[in-house]
$ cat entry_13.cif   # mmCIF, C-alpha atoms and all ligand atoms
data_target
#
loop_
_atom_site.label_atom_id
_atom_site.label_comp_id
_atom_site.auth_asym_id
_atom_site.auth_seq_id
_atom_site.Cartn_x
_atom_site.Cartn_y
_atom_site.Cartn_z
CA MET A 1 42.63 -70.86 46.82
CA LYS A 2 42.04 -67.08 46.92
CA LYS A 3 45.75 -66.54 46.38
CA LYS A 4 45.79 -68.94 43.44
CA ASN A 5 42.89 -67.03 41.84
CA PHE A 6 44.63 -63.72 42.51
CA ASN A 7 47.84 -64.88 40.85
CA ALA A 8 45.93 -66.28 37.88
CA SER A 9 44.04 -62.99 37.54
CA LYS A 10 47.30 -61.03 37.53
CA PHE A 11 48.77 -63.41 34.97
CA LEU A 12 45.70 -63.22 32.71
CA SER A 13 45.65 -59.40 32.93
CA TYR A 14 49.27 -59.28 31.89
CA ILE A 15 48.85 -61.72 29.00
CA LEU A 16 45.43 -60.65 27.70
CA ARG A 17 45.91 -56.89 28.05
CA HIS A 18 49.58 -56.23 27.63
CA LYS A 19 52.04 -58.96 26.67
CA PRO A 20 50.55 -62.05 24.96
CA GLU A 21 53.90 -62.50 23.21
CA VAL A 22 55.69 -63.55 26.42
CA ILE A 23 54.02 -66.94 26.04
CA GLU A 24 53.95 -66.70 22.21
CA LEU A 25 50.19 -66.26 22.18
CA SER A 26 48.30 -64.15 19.64
CA LEU A 27 45.03 -62.37 20.27
CA ASP A 28 42.60 -61.78 17.42
CA GLU A 29 41.69 -58.23 16.43
CA ALA A 30 38.91 -58.14 19.05
CA GLY A 31 41.27 -59.27 21.82
CA TRP A 32 40.13 -62.91 22.05
CA ALA A 33 42.53 -65.75 22.87
CA VAL A 34 41.68 -69.41 22.26
CA VAL A 35 41.39 -70.96 25.74
CA ASP A 36 43.04 -74.30 24.84
CA GLU A 37 45.94 -72.50 23.20
CA LEU A 38 46.29 -70.14 26.17
CA ILE A 39 46.44 -73.08 28.59
CA PHE A 40 48.89 -75.01 26.45
CA LYS A 41 51.22 -72.06 25.94
CA ALA A 42 51.00 -70.91 29.56
CA GLN A 43 51.91 -74.40 30.75
CA ARG A 44 54.76 -74.58 28.25
CA HIS A 45 56.14 -71.42 29.87
CA GLY A 46 55.73 -72.79 33.38
CA TYR A 47 52.42 -71.17 34.42
CA GLY A 48 50.07 -73.72 35.92
CA LEU A 49 46.84 -72.69 34.25
CA ASP A 50 43.94 -75.05 33.58
CA ARG A 51 40.34 -74.77 32.46
CA ASP A 52 38.87 -74.93 35.99
CA LEU A 53 41.08 -72.14 37.20
CA ILE A 54 40.20 -69.96 34.19
CA GLU A 55 36.47 -70.53 34.68
CA ARG A 56 36.81 -69.65 38.37
CA VAL A 57 38.81 -66.50 37.75
CA VAL A 58 36.30 -65.27 35.17
CA VAL A 59 33.38 -65.74 37.57
CA ASP A 60 35.03 -64.69 40.84
CA ASN A 61 37.08 -61.75 39.66
CA ASP A 62 36.30 -58.72 41.82
CA LYS A 63 36.07 -56.39 38.84
CA GLN A 64 34.85 -58.87 36.24
CA ARG A 65 37.98 -58.20 34.25
CA PHE A 66 37.57 -61.12 31.82
CA CYS A 67 34.85 -62.77 29.79
CA LEU A 68 34.41 -66.04 27.94
CA ASN A 69 32.55 -66.30 24.64
CA GLY A 70 29.33 -68.30 24.25
CA ASP A 71 30.87 -71.79 24.10
CA HIS A 72 33.76 -70.87 26.44
CA SER A 73 36.32 -71.61 23.75
CA LYS A 74 37.72 -68.05 23.86
CA ILE A 75 38.58 -65.53 26.57
CA ARG A 76 39.40 -61.83 26.56
CA ALA A 77 39.92 -58.93 28.94
CA ASN A 78 36.94 -56.58 29.15
CA GLN A 79 39.09 -53.44 29.17
CA GLY A 80 42.46 -52.03 30.19
CA HIS A 81 44.48 -53.10 27.14
CA SER A 82 47.73 -51.60 26.00
CA VAL A 83 47.96 -53.95 22.98
CA VAL A 84 45.94 -52.77 20.00
CA VAL A 85 42.52 -54.41 20.07
CA ASP A 86 39.13 -53.34 18.84
CA LEU A 87 36.62 -54.29 21.55
CA GLN A 88 33.80 -53.28 19.18
CA LEU A 89 32.11 -51.22 21.83
CA GLU A 90 29.26 -48.95 20.72
CA SER A 91 29.42 -45.41 21.97
CA GLN A 92 26.85 -44.65 24.66
CA ASN A 93 25.40 -41.71 26.51
CA PRO A 94 27.13 -41.37 29.87
CA PRO A 95 25.62 -39.96 33.08
CA SER A 96 26.06 -36.19 33.26
CA ILE A 97 28.96 -36.50 35.69
CA LEU A 98 31.61 -39.22 35.83
CA PHE A 99 34.58 -39.52 38.20
CA HIS A 100 38.27 -40.16 37.81
CA GLY A 101 40.47 -41.15 40.73
CA THR A 102 44.11 -40.21 40.58
CA ALA A 103 46.99 -39.25 42.87
CA ILE A 104 47.53 -35.70 44.07
CA ARG A 105 51.00 -35.71 42.55
CA PHE A 106 49.48 -36.03 39.04
CA LEU A 107 47.14 -33.05 39.39
CA ALA A 108 49.42 -30.38 37.93
CA GLY A 109 50.01 -32.45 34.76
CA ILE A 110 46.33 -33.29 34.47
CA MET A 111 45.23 -29.67 34.81
CA GLU A 112 47.71 -28.74 32.09
CA GLN A 113 47.11 -31.54 29.55
CA GLY A 114 43.76 -32.95 30.63
CA LEU A 115 43.37 -36.67 31.33
CA LEU A 116 45.48 -38.72 28.93
CA ALA A 117 45.07 -42.44 28.27
CA GLN A 118 48.81 -42.93 28.99
CA GLU A 119 49.72 -46.60 28.33
CA ARG A 120 46.10 -47.67 27.87
CA HIS A 121 43.68 -47.08 24.98
CA HIS A 122 41.31 -44.95 26.96
CA VAL A 123 40.94 -42.79 30.02
CA HIS A 124 39.06 -44.85 32.64
CA LEU A 125 36.14 -43.22 34.44
CA SER A 126 33.72 -44.45 37.11
CA SER A 127 30.10 -43.63 37.73
CA ASN A 128 30.72 -43.70 41.47
CA VAL A 129 33.05 -41.68 43.65
CA ALA A 130 34.10 -44.48 46.02
CA GLN A 131 35.28 -46.64 43.14
CA ALA A 132 37.19 -43.71 41.63
CA ARG A 133 38.90 -43.06 44.96
CA GLU A 134 40.06 -46.71 45.12
CA VAL A 135 41.51 -46.42 41.60
CA GLY A 136 43.35 -43.26 42.67
CA ARG A 137 44.72 -44.93 45.79
CA ARG A 138 46.71 -47.32 43.57
CA HIS A 139 48.91 -44.38 42.60
CA GLY A 140 49.38 -42.55 45.92
CA LYS A 141 47.39 -40.10 48.00
CA PRO A 142 44.06 -40.19 46.18
CA VAL A 143 42.00 -37.35 44.80
CA VAL A 144 38.79 -37.54 42.79
CA LEU A 145 38.05 -35.37 39.77
CA SER A 146 34.56 -34.81 38.41
CA VAL A 147 34.21 -35.02 34.66
CA ALA A 148 31.45 -33.07 32.90
CA ALA A 149 30.65 -36.01 30.65
CA ARG A 150 27.41 -34.68 29.15
CA HIS A 151 29.11 -31.43 28.20
CA MET A 152 31.83 -33.47 26.53
CA VAL A 153 29.22 -35.40 24.55
CA ALA A 154 27.68 -32.12 23.42
CA ALA A 155 31.13 -31.13 22.16
CA GLY A 156 31.45 -34.39 20.16
CA HIS A 157 33.46 -36.63 22.52
CA LEU A 158 32.51 -40.31 22.48
CA PHE A 159 32.05 -42.51 25.56
CA TYR A 160 32.00 -46.29 25.78
CA LEU A 161 30.89 -48.57 28.58
CA SER A 162 32.99 -51.71 29.04
CA ARG A 163 31.24 -54.97 29.91
CA ASN A 164 32.44 -54.57 33.48
CA GLY A 165 31.01 -51.10 33.96
CA VAL A 166 34.04 -48.88 33.34
CA TRP A 167 33.37 -45.73 31.28
CA LEU A 168 35.99 -45.09 28.62
CA THR A 169 36.86 -42.06 26.53
CA GLU A 170 39.93 -41.04 24.58
CA HIS A 171 40.88 -37.80 26.28
CA VAL A 172 39.35 -35.44 28.81
CA PRO A 173 40.45 -31.83 28.18
CA SER A 174 41.02 -29.96 31.42
CA GLN A 175 38.10 -27.55 30.97
CA TYR A 176 35.74 -30.48 31.74
CA LEU A 177 37.47 -31.32 35.03
CA THR A 178 36.72 -30.08 38.52
CA LEU A 179 38.17 -31.15 41.83
CA GLY A 180 35.93 -33.14 44.13
C1 LIG B 201 47.21 -40.28 35.30
C2 LIG B 201 42.43 -50.48 37.10
C3 LIG B 201 49.75 -36.76 34.70
C4 LIG B 201 45.86 -40.88 35.61
C5 LIG B 201 41.51 -49.42 37.66
C6 LIG B 201 46.28 -42.16 36.28
C7 LIG B 201 41.03 -48.68 36.44
C8 LIG B 201 48.03 -38.21 34.25
C9 LIG B 201 47.56 -42.54 35.57
C10 LIG B 201 42.06 -48.98 35.39
C11 LIG B 201 47.63 -37.41 33.16
C12 LIG B 201 47.39 -43.67 34.58
C13 LIG B 201 42.77 -47.73 34.95
C14 LIG B 201 48.36 -36.23 32.88
C15 LIG B 201 46.27 -39.08 33.27
N1 LIG B 201 49.41 -35.94 33.68
N2 LIG B 201 49.08 -37.88 35.01
N3 LIG B 201 48.04 -35.40 31.87
N4 LIG B 201 46.55 -37.96 32.57
N5 LIG B 201 47.18 -39.22 34.29
O1 LIG B 201 46.68 -47.23 35.69
O2 LIG B 201 42.78 -44.73 35.51
O3 LIG B 201 42.65 -53.34 38.18
O4 LIG B 201 46.80 -46.33 33.31
O5 LIG B 201 45.12 -40.03 36.47
O6 LIG B 201 40.48 -49.93 38.42
O7 LIG B 201 44.56 -45.31 37.25
O8 LIG B 201 43.65 -52.91 35.94
O9 LIG B 201 44.93 -45.64 34.75
O10 LIG B 201 46.50 -41.98 37.63
O11 LIG B 201 39.77 -49.06 35.97
O12 LIG B 201 41.34 -53.85 36.13
O13 LIG B 201 47.96 -41.37 34.84
O14 LIG B 201 42.99 -49.89 35.98
O15 LIG B 201 41.71 -51.59 36.74
O16 LIG B 201 47.25 -44.86 35.32
O17 LIG B 201 43.39 -47.09 36.06
P1 LIG B 201 46.46 -46.12 34.75
P2 LIG B 201 43.89 -45.61 35.97
P3 LIG B 201 42.39 -53.00 36.73
#
$ encode --input "entry_13.cif" --output "structure tokens"
Amino acid sequence: MKKKNFNASKFLSYILRHKPEVIELSLDEAGWAVVDELIFKAQRHGYGLDRDLIERVVVDNDKQRFCLNGDHSKIRANQGHSVVVDLQLESQNPPSILFHGTAIRFLAGIMEQGLLAQERHHVHLSSNVAQAREVGRRHGKPVVLSVAARHMVAAGHLFYLSRNGVWLTEHVPSQYLTLG
């Protein structure tokens, strides 16, 4: 069952963040997909998705990556998109320091250009070091950078908090970064 949920989570991430078109699905401008249409189109393309599985993945997901709307007729990813969506997040005041986990091999580029959103809409930041380290580990030997978030706010940068607790900003210039 765990494995089934894991596969469904991977599939939903792919479809709802990056490639809805592979099953001919469209997301609305806020990133929502109609659940019945998602199930129908997924099944038509050979992915065994049903309502129970979707409900379970939304609730059980380790990072709360997805949410359903009030009547559970629509689903979207909480963050991490590469497709253009407007999540309608309000900017918020971050803690004074946030953390970004990356791989040591990226450090030279980061110190030169700052943190870039790359394929995503935003740079992803954590309020806790352990979480940042885990994110970094996905890319190689991890290293954690501290981000002077309050100083960035003072300089006019905006921060957003996704529903699943990830801090987002467009770009972190290198002068706001320190190692450790
Ligand atoms: C790096 C997961 C060179 C950046 C996680 C990162 C997160 C640079 C990589 C979420 C750079 C992009 C996002 C520069 C940034 N030069 N490298 N100037 N600027 N980078 O995967 O933050 O499981 O797009 O440090 O938990 O690793 O998908 O971003 O290493 O919250 O829900 O370029 O993905 O969540 O990698 O991870 P990613 P990320 P999910």
$ residues_near_ligand --input "entry_13.cif" --ligand "ligand LIG 201 (chain B)" --cutoff "6 Å" --atoms "only C-alpha atoms and all ligand atoms" --output "count of residues only"
17
$ closest_residue --input "entry_13.cif" --among "A:Val57, A:Ala130, A:Leu177, A:Ala155" --to "Ile97 (chain A)" --atoms "all atoms listed in the file"
A:Leu177
$ closest_atom_pairs --input "entry_13.cif" --of "region 54-87 of chain A" --to "region 156-167 of chain A" --cutoff "7 Å" --atoms "only C-alpha atoms" --output "JSON lines"
{"residue": "A:Lys63", "atom": "CA", "partner": "A:Asn164", "partner_atom": "CA", "distance": 6.7}
{"residue": "A:Gln64", "atom": "CA", "partner": "A:Asn164", "partner_atom": "CA", "distance": 5.6}
{"residue": "A:Arg65", "atom": "CA", "partner": "A:Asn164", "partner_atom": "CA", "distance": 6.7}
{"residue": "A:Asn78", "atom": "CA", "partner": "A:Arg163", "partner_atom": "CA", "distance": 6.0}
{"residue": "A:Gln79", "atom": "CA", "partner": "A:Ser162", "partner_atom": "CA", "distance": 6.3}
$ closest_atom_pairs --input "entry_13.cif" --of "region 74-110 of chain A" --to "region 14-33 of chain A" --cutoff "10 Å" --atoms "only C-alpha atoms" --output "Markdown table"
| residue | atom | partner | partner_atom | distance |
| --- | --- | --- | --- | --- |
| A:Lys74 | CA | A:Ala33 | CA | 5.4 |
| A:Ile75 | CA | A:Ala33 | CA | 5.4 |
| A:Arg76 | CA | A:Trp32 | CA | 4.7 |
| A:Ala77 | CA | A:Leu16 | CA | 5.9 |
| A:Asn78 | CA | A:Gly31 | CA | 8.9 |
| A:Gln79 | CA | A:Arg17 | CA | 7.7 |
| A:Gly80 | CA | A:Arg17 | CA | 6.3 |
| A:His81 | CA | A:Arg17 | CA | 4.2 |
| A:Ser82 | CA | A:His18 | CA | 5.2 |
| A:Val83 | CA | A:His18 | CA | 5.4 |
| A:Val84 | CA | A:Glu29 | CA | 7.8 |
| A:Val85 | CA | A:Ala30 | CA | 5.3 |
| A:Asp86 | CA | A:Ala30 | CA | 4.8 |
| A:Leu87 | CA | A:Ala30 | CA | 5.1 |
| A:Gln88 | CA | A:Ala30 | CA | 7.1 |
$ atom_distance --input "entry_13.cif" --atom1 "CA of Asp52 (chain A)" --atom2 "CA of Gly70 (chain A)"
16.5 Å
$ closest_residue --input "entry_13.cif" --among "A:Arg105, A:His171, A:His72, A:His100" --to "Val144 (chain A)" --atoms "all atoms listed in the file"
A:His100
$ atom_distance --input "entry_13.cif" --atom1 "CA of Val172 (chain A)" --atom2 "CA of Ser13 (chain A)"
25.1 Å
$ closest_residue --input "entry_13.cif" --among "A:Asp71, A:Lys4, A:Pro95, A:Phe11" --to "Val35 (chain A)" --atoms "all atoms listed in the file"
A:Asp71
$ atom_distance --input "entry_13.cif" --atom1 "CA of His121 (chain A)" --atom2 "CA of Glu55 (chain A)"
26.4 Å
$ closest_residue --input "entry_13.cif" --among "A:Ser126, A:Thr169, A:Asn7, A:Ser174" --to "Ser91 (chain A)" --atoms "only C-alpha atoms"
A:Thr169
$ residues_around --input "entry_13.cif" --residues "Asp50 (chain A)" --least-positions-apart "5" --cutoff "9 Å" --atoms "only C-alpha atoms" --output "list in words"
Asp36, Ile39, Phe40, Gln43 and Glu55 of chain A
$ residues_near_point --input "entry_13.cif" --point "(49.3, -67.6, 34.3)" --cutoff "7 Å" --atoms "only C-alpha atoms" --output "number ranges by chain"
A: 8, 11-12, 42, 47-49
$ residues_around --input "entry_13.cif" --residues "Asn128 (chain A)" --least-positions-apart "5" --cutoff "9 Å" --atoms "all atoms listed in the file" --output "NGL selection string"
:A and (98-99 or 133)
$ closest_residue --input "entry_13.cif" --among "A:Thr178, A:Ser127, A:Phe66, A:Glu134" --to "Ala148 (chain A)" --atoms "all atoms listed in the file"
A:Thr178
$ axis_aligned_box --input "entry_13.cif" --around "region 138-151 of chain A" --padding-each-side "8 Å" --output "JSON"
{"center_x": 38.4, "center_y": -39.4, "center_z": 38.1, "size_x": 38.0, "size_y": 31.9, "size_z": 35.8}
